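Source file work.txt; content: compact mmCIF, C-alpha atoms.
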```
# COMPACT_ATOMS: atom_id res chain seq x y z
CA MET A 6 30.14 -2.28 3.76
CA ASN A 7 30.11 0.58 6.18
CA ILE A 8 27.22 2.78 5.16
CA HIS A 9 25.51 5.02 7.68
CA PRO A 10 22.07 3.62 8.52
CA THR A 11 20.31 6.84 7.62
CA THR A 12 21.92 6.83 4.19
CA ALA A 13 20.95 3.21 3.65
CA GLY A 14 17.36 3.78 4.71
CA MET A 15 16.95 6.89 2.60
CA THR A 16 18.43 5.09 -0.40
CA LEU A 17 15.97 2.24 0.07
CA ALA A 18 13.10 4.72 0.33
CA GLY A 19 14.28 6.39 -2.88
CA ILE A 20 14.52 3.07 -4.72
CA LEU A 21 11.02 2.04 -3.63
CA PHE A 22 9.62 5.44 -4.61
CA VAL A 23 11.20 5.28 -8.05
CA LEU A 24 9.84 1.76 -8.56
CA GLY A 25 6.36 3.00 -7.67
CA LEU A 26 6.76 5.96 -10.04
CA ILE A 27 7.87 3.68 -12.88
CA SER A 28 4.89 1.43 -12.23
CA MET A 29 2.61 4.48 -12.25
CA LEU A 30 4.01 5.59 -15.59
CA ILE A 31 4.09 2.30 -17.46
CA ARG A 32 0.80 0.77 -16.31
CA ARG A 33 -2.59 1.44 -17.84
CA ASN A 34 -4.65 -0.72 -15.48
CA MET A 35 -6.31 1.50 -12.90
CA ILE A 36 -5.90 -0.92 -9.99
CA PHE A 37 -2.19 -1.16 -10.76
CA MET A 38 -1.97 2.63 -10.75
CA LEU A 39 -3.64 2.68 -7.32
CA LEU A 40 -1.15 0.08 -6.11
CA SER A 41 1.77 2.16 -7.33
CA VAL A 42 0.40 5.14 -5.42
CA GLU A 43 0.43 2.88 -2.36
CA ILE A 44 4.06 1.93 -3.03
CA MET A 45 5.05 5.58 -3.28
CA LEU A 46 3.19 6.53 -0.08
CA ASN A 47 4.87 3.65 1.68
CA ALA A 48 8.30 4.81 0.51
CA ALA A 49 7.56 8.31 1.78
CA GLY A 50 6.57 6.84 5.14
CA LEU A 51 9.81 4.87 5.25
CA ALA A 52 11.75 8.09 4.66
CA PHE A 53 9.87 9.72 7.55
CA ILE A 54 10.63 6.82 9.90
CA VAL A 55 14.33 6.85 8.98
CA ALA A 56 14.53 10.59 9.55
CA SER A 57 12.69 10.20 12.86
CA SER A 58 15.19 7.66 14.11
CA HIS A 59 18.10 9.76 12.82
CA TRP A 60 17.16 12.76 14.93
CA ALA A 61 15.50 10.73 17.73
CA GLN A 62 12.38 12.86 17.43
CA PRO A 63 8.85 11.42 17.35
CA ASP A 64 7.64 13.85 14.66
CA GLY A 65 8.50 11.54 11.78
CA GLN A 66 6.48 8.69 13.27
CA VAL A 67 3.54 11.05 13.82
CA MET A 68 3.78 12.01 10.14
CA PHE A 69 3.80 8.34 9.23
CA MET A 70 0.54 7.86 11.11
CA PHE A 71 -0.99 10.72 9.14
CA ILE A 72 0.27 9.17 5.90
CA LEU A 73 -1.35 5.90 6.98
CA SER A 74 -4.76 7.46 7.61
CA MET A 75 -4.52 9.45 4.40
CA ALA A 76 -3.69 6.26 2.46
CA ALA A 77 -6.70 4.49 3.97
CA ALA A 78 -9.08 7.29 2.99
CA GLU A 79 -7.49 7.56 -0.46
CA VAL A 80 -7.81 3.83 -1.14
CA SER A 81 -11.47 3.69 -0.19
CA VAL A 82 -12.40 6.68 -2.35
CA GLY A 83 -10.16 5.49 -5.20
CA LEU A 84 -11.69 2.02 -5.19
CA ALA A 85 -15.19 3.49 -5.25
CA LEU A 86 -14.19 5.67 -8.22
CA ILE A 87 -12.70 2.68 -10.04
CA LEU A 88 -15.90 0.72 -9.37
CA GLN A 89 -18.00 3.47 -10.93
CA LEU A 90 -15.68 3.76 -13.93
CA TYR A 91 -15.76 -0.02 -14.36
CA HIS A 92 -19.53 0.02 -14.40
CA GLN A 93 -19.55 2.84 -16.91
CA LEU A 94 -16.80 1.64 -19.23
CA LYS A 95 -16.73 -2.15 -18.64
CA SER A 96 -12.96 -1.90 -18.58
CA LEU A 97 -10.16 -1.03 -16.20
CA ASP A 98 -8.07 0.63 -18.88
CA SER A 99 -7.33 4.20 -17.90
CA ASP A 100 -7.11 5.28 -21.54
CA GLU A 101 -10.81 4.52 -21.87
CA ALA A 102 -11.51 7.35 -19.46
CA SER A 103 -9.47 9.92 -21.32
CA ARG A 104 -12.53 11.72 -22.62
CA MET A 105 -14.77 12.91 -19.83
CA LYS A 106 -17.90 14.58 -21.05
CA GLY A 107 -19.41 15.82 -17.86
CA MET B 11 24.21 -1.49 9.51
CA GLY B 12 23.70 -5.17 9.90
CA VAL B 13 23.20 -7.96 7.47
CA LEU B 14 19.54 -8.10 8.48
CA PHE B 15 18.88 -4.69 6.97
CA TYR B 16 20.40 -5.70 3.66
CA ILE B 17 18.43 -8.95 3.49
CA THR B 18 15.19 -7.11 4.27
CA ALA B 19 15.96 -4.30 1.83
CA ALA B 20 16.73 -6.83 -0.90
CA ILE B 21 13.39 -8.55 -0.23
CA ALA B 22 11.60 -5.19 -0.33
CA VAL B 23 13.17 -4.10 -3.61
CA PHE B 24 12.72 -7.53 -5.22
CA SER B 25 9.07 -7.85 -4.26
CA THR B 26 8.32 -4.29 -5.35
CA ALA B 27 9.96 -4.96 -8.70
CA MET B 28 7.82 -8.09 -8.99
CA VAL B 29 4.73 -5.95 -8.28
CA VAL B 30 5.71 -3.65 -11.13
CA THR B 31 6.28 -6.46 -13.61
CA ARG B 32 3.38 -8.84 -12.83
CA LEU B 33 0.53 -8.99 -15.28
CA ASN B 34 -1.98 -10.74 -13.04
CA ILE B 35 -3.36 -8.45 -10.36
CA MET B 36 -3.53 -11.15 -7.67
CA HIS B 37 0.13 -12.05 -8.09
CA ALA B 38 1.02 -8.38 -7.83
CA LEU B 39 -1.06 -8.05 -4.65
CA LEU B 40 0.70 -11.01 -3.03
CA TYR B 41 4.09 -9.48 -3.79
CA LEU B 42 2.91 -6.09 -2.56
CA ILE B 43 1.93 -7.63 0.77
CA VAL B 44 5.42 -9.15 1.03
CA SER B 45 6.89 -5.73 0.26
CA LEU B 46 4.82 -4.08 3.00
CA LEU B 47 5.82 -6.76 5.50
CA SER B 48 9.50 -6.24 4.71
CA VAL B 49 9.11 -2.50 5.14
CA ALA B 50 7.53 -3.25 8.52
CA VAL B 51 10.61 -5.28 9.50
CA ILE B 52 12.76 -2.32 8.43
CA PHE B 53 10.69 -0.07 10.70
CA TYR B 54 11.41 -2.50 13.53
CA LEU B 55 15.12 -2.34 12.71
CA TYR B 56 15.02 1.44 12.82
CA GLY B 57 13.63 1.45 16.33
CA ALA B 58 9.96 2.08 15.59
CA PRO B 59 8.17 -1.11 16.71
CA TYR B 60 4.80 0.60 17.09
CA MET B 61 4.94 1.85 13.52
CA ALA B 62 5.92 -1.63 12.35
CA SER B 63 2.81 -3.12 13.95
CA LEU B 64 0.67 -0.31 12.52
CA GLU B 65 2.11 -0.95 9.08
CA ILE B 66 1.17 -4.62 9.30
CA ILE B 67 -2.28 -3.99 10.75
CA VAL B 68 -3.37 -1.07 8.60
CA TYR B 69 -1.44 -1.45 5.35
CA ALA B 70 -0.94 -5.18 4.95
CA GLY B 71 -4.10 -5.98 6.86
CA ALA B 72 -6.81 -3.48 6.10
CA ILE B 73 -5.88 -1.74 2.88
CA MET B 74 -4.63 -4.81 1.05
CA VAL B 75 -7.67 -6.85 2.12
CA LEU B 76 -9.86 -4.03 0.81
CA ILE B 77 -8.13 -4.11 -2.57
CA ILE B 78 -8.26 -7.92 -2.71
CA PHE B 79 -12.00 -7.89 -1.93
CA PHE B 80 -12.46 -5.30 -4.63
CA VAL B 81 -10.57 -7.33 -7.22
CA MET B 82 -12.48 -10.46 -6.27
CA MET B 83 -15.74 -8.54 -6.52
CA LEU B 84 -15.02 -7.25 -10.02
CA ASN B 85 -14.66 -10.59 -11.74
CA LEU B 86 -17.73 -12.37 -10.63
CA GLY B 87 -19.13 -14.93 -13.01
CA PRO B 88 -18.86 -18.52 -14.08
CA GLU B 89 -15.23 -18.20 -15.05
CA SER B 90 -14.13 -16.89 -11.68
CA SER B 91 -13.73 -20.37 -10.20
CA ARG B 92 -11.67 -21.43 -13.20
CA LEU B 93 -9.53 -18.34 -12.77
CA GLU B 94 -9.20 -19.11 -9.08
CA LYS B 95 -7.93 -22.57 -9.88
CA GLN B 96 -5.54 -21.11 -12.40
CA TRP B 97 -4.24 -18.53 -9.92
CA LEU B 98 -3.68 -20.93 -7.06
CA LYS B 99 -0.95 -22.92 -8.72
CA PRO B 100 1.91 -23.70 -6.33
CA GLY B 101 4.39 -21.87 -8.53
CA MET B 102 2.51 -18.67 -7.92
CA TRP B 103 2.47 -18.52 -4.15
CA ALA B 104 5.76 -20.33 -3.56
CA ALA B 105 8.01 -17.29 -4.03
CA PRO B 106 6.01 -14.90 -1.80
CA ALA B 107 5.75 -17.65 0.81
CA VAL B 108 9.53 -18.18 0.82
CA LEU B 109 10.11 -14.43 1.16
CA CYS B 110 7.61 -14.29 4.04
CA VAL B 111 9.37 -17.18 5.79
CA VAL B 112 12.68 -15.32 5.50
CA LEU B 113 11.06 -12.21 7.00
CA LEU B 114 9.51 -14.26 9.81
CA GLY B 115 12.91 -15.81 10.60
CA GLU B 116 14.46 -12.34 10.78
CA LEU B 117 11.71 -11.08 13.06
CA VAL B 118 11.99 -14.08 15.39
CA TYR B 119 15.76 -13.59 15.51
CA LEU B 120 15.35 -9.89 16.26
CA ILE B 121 12.87 -10.53 19.06
CA ALA B 122 14.87 -13.42 20.51
CA GLN B 123 18.06 -11.44 20.79
CA ASN B 124 18.00 -8.51 23.17
CA HIS B 125 17.03 -5.85 20.69
CA THR B 126 19.47 -3.00 20.68
CA PRO B 127 19.39 -0.46 17.87
CA VAL B 128 22.44 -0.38 15.66
CA THR B 129 24.91 2.42 15.98
CA GLY B 130 23.74 5.70 14.56
CA ILE B 131 20.11 4.87 15.24
CA LYS B 132 18.26 6.20 18.26
CA GLU B 133 15.11 4.40 19.21
CA VAL B 134 11.98 6.50 19.67
CA PRO B 135 9.63 4.85 22.17
CA PRO B 136 5.90 4.71 21.42
CA LYS B 137 5.23 6.81 24.50
CA ALA B 138 7.02 9.79 22.98
CA VAL B 139 5.04 9.30 19.79
CA GLY B 140 1.78 9.32 21.72
CA ARG B 141 2.75 12.42 23.65
CA ALA B 142 3.65 14.22 20.44
CA LEU B 143 0.51 12.99 18.71
CA PHE B 144 -1.88 14.28 21.34
CA GLY B 145 0.22 17.27 22.34
CA PRO B 146 1.46 19.55 19.59
CA TYR B 147 -0.20 17.59 16.78
CA ILE B 148 -3.72 17.43 18.20
CA LEU B 149 -5.06 19.71 15.47
CA ALA B 150 -3.64 17.43 12.78
CA VAL B 151 -5.21 14.40 14.49
CA GLU B 152 -8.60 16.07 14.33
CA LEU B 153 -8.00 17.01 10.71
CA SER B 154 -7.17 13.42 9.84
CA ALA B 155 -10.33 12.31 11.63
CA MET B 156 -12.27 14.68 9.38
CA LEU B 157 -10.40 13.29 6.39
CA LEU B 158 -11.40 9.75 7.31
CA MET B 159 -15.00 10.86 7.74
CA ALA B 160 -14.92 12.50 4.32
CA GLY B 161 -13.42 9.29 2.95
CA ILE B 162 -16.27 7.22 4.37
CA VAL B 163 -18.92 9.56 3.02
CA GLY B 164 -17.21 9.83 -0.36
CA ALA B 165 -16.78 6.09 -0.72
CA TYR B 166 -20.42 5.52 0.20
CA HIS B 167 -21.61 8.14 -2.23
CA LEU B 168 -19.44 6.96 -5.11
CA GLY B 169 -19.92 3.26 -4.52
CA ARG B 170 -23.69 3.44 -4.51
CA GLN B 171 -25.32 1.73 -7.46
CA GLN B 172 -27.42 4.37 -9.06
CA PRO B 173 -30.29 3.13 -11.24
CA LYS B 174 -29.21 3.66 -14.79
CA THR B 175 -31.31 6.55 -16.09
CA LEU B 176 -30.56 7.30 -19.69
CA HIS B 177 -32.07 10.17 -21.55
CA ARG B 178 -34.72 9.02 -23.99
CA PHE B 179 -32.59 10.05 -26.96
CA LEU B 180 -29.79 7.84 -25.73
CA GLN B 181 -31.77 4.73 -24.96
CA SER B 182 -31.28 3.10 -28.35
CA LYS B 183 -27.52 3.42 -27.93
CA PRO B 184 -25.91 0.41 -26.23
CA SER B 185 -24.31 1.58 -23.05
```
Once you've parsed the file, please lay out its structure as structure tokens.
Amino acid sequence: MNIHPTTAGMTLAGILFVLGLISMLIRRNMIFMLLSVEIMLNAAGLAFIVASSHWAQPDGQVMFMFILSMAAAEVSVGLALILQLYHQLKSLDSDEASRMKG
Amino acid sequence: MGVLFYITAAIAVFSTAMVVTRLNIMHALLYLIVSLLSVAVIFYLYGAPYMASLEIIVYAGAIMVLIIFFVMMLNLGPESSRLEKQWLKPGMWAAPAVLCVVLLGELVYLIAQNHTPVTGIKEVPPKAVGRALFGPYILAVELSAMLLMAGIVGAYHLGRQQPKTLHRFLQSKPS
């Protein structure tokens, strides 16, 4: 198999992203939805790294660091939100939270 | 592109598919950690060793430990030890452990041989990344610092246990 490395890496990033998207769509557990967001962010970071090594520019790796910090902030806030919803609803089912009355 | 990339990519896709299909959250988290580790090995293959270490430290280390603590915290109770016993069956951690051993073997092989990037890949040294990070991207670094600060404050505010104050008309209703 003689595939260009950039093609291979981008294909892998696409596969991982689609897997995360499928998981996001088929799951109703809120922690699983948070995990699928992590998978998709990770795939986006992989695409940035592959592009960075394709053009030999550091910008992609810088973007990956920003994705990393954004994922850390997002996970902490998301987990706090899930904790509050769990205390309110006694369930992690996202369908339970479909009616928000202020 | 070498055989190593295909092995690592297969591990990444397989473990991510296992994350999607697991029903138990702890099994899914174990497979997700394997997936993140394999993506870190791929970063190493693509000539970004600093990003590979950051991926392991921040993603597989900090974020996953946060989620695991959270999951452990949610099912407190007398049945948690029974669940723990049920989760720690050898059949459950055997597959992630085997995948991790394969990844470790690849990494040891990569470090032992004189690492040269494959053709078509140009390695970006961490020094260039640092110069770009604190040169043209300094504004974005400060913005991400503000984002992290907002994340801390938001997590503190949302995670606080407010005393349950129901309106007096609602107090007969079971909450």
Query raised in the report: Distance CA of Val44 in chain B-CA of Pro106 in chain B, one decimal place?
Result: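 Spanning CA of Val44 in chain B to CA of Pro106 in chain B is a straight-line distance of 6.4 Å.
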**Report entry** Atomic distance CA of Glu65 in chain B - CA of Gly164 in chain B, expressed in Å with one decimal
**Finding:**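 Taking CA of Glu65 in chain B and CA of Gly164 in chain B, their separation equals 24.1 Å.
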Report task. For chain B, list the residues within 8 Å of chain A, counting only C-alpha atoms, and write the list as a ChimeraX atom specification. Result -> /B:11,19,22-23,26-27,30,35,46,49,53,56-58,61,65,68-69,73,76-77,80,130-134,138-139,142-143,151,154,157-158,160-162,164-166,168-169,185
Query raised in the report: What does the distance from CA of Tyr41 in chain B to CA of Ser25 in chain B come to in Å, to one decimal?
Result: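 CA of Ser25 in chain B lies 5.3 Å from CA of Tyr41 in chain B.
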Query raised in the report: Using only C-alpha atoms, which of the listed residues (B:Ala155, B:Met28, B:Glu116, B:Ala72) sits closest to Phe15 in chain B?
Result: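 Comparing B:Ala155, B:Met28, B:Glu116, B:Ala72 against Phe15 in chain B, the winner is B:Glu116.
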Report task. Could you check which of A:Arg33, A:Arg104, A:Ser96, A:Leu90 is closest to Leu33 in chain B, using all atoms listed in the file? Result -> A:Arg33
**Report entry** For Gly140 in chain B, the nearest of the candidates B:Tyr60, B:Leu153, B:Lys99, B:Val75, counting only C-alpha atoms
**Finding:**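 Smallest distance to Gly140 in chain B is found for B:Tyr60.
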Report summary line: Nearest to Phe53 in chain A, restricted to only C-alpha atoms and choosing among A:Ala102, A:Val23, A:Leu97, A:Met15, comes out as A:Met15
Report task. Place a sphere of radius 6 Å on (0.5, -14.2, -4.5) in the file coordinates and name every protein, DNA or RNA residue with an atom inside or on its surface, counting all atoms listed in the file; give the answer as an NGL selection string. Result -> :B and (36-37 or 40-41 or 102-103)
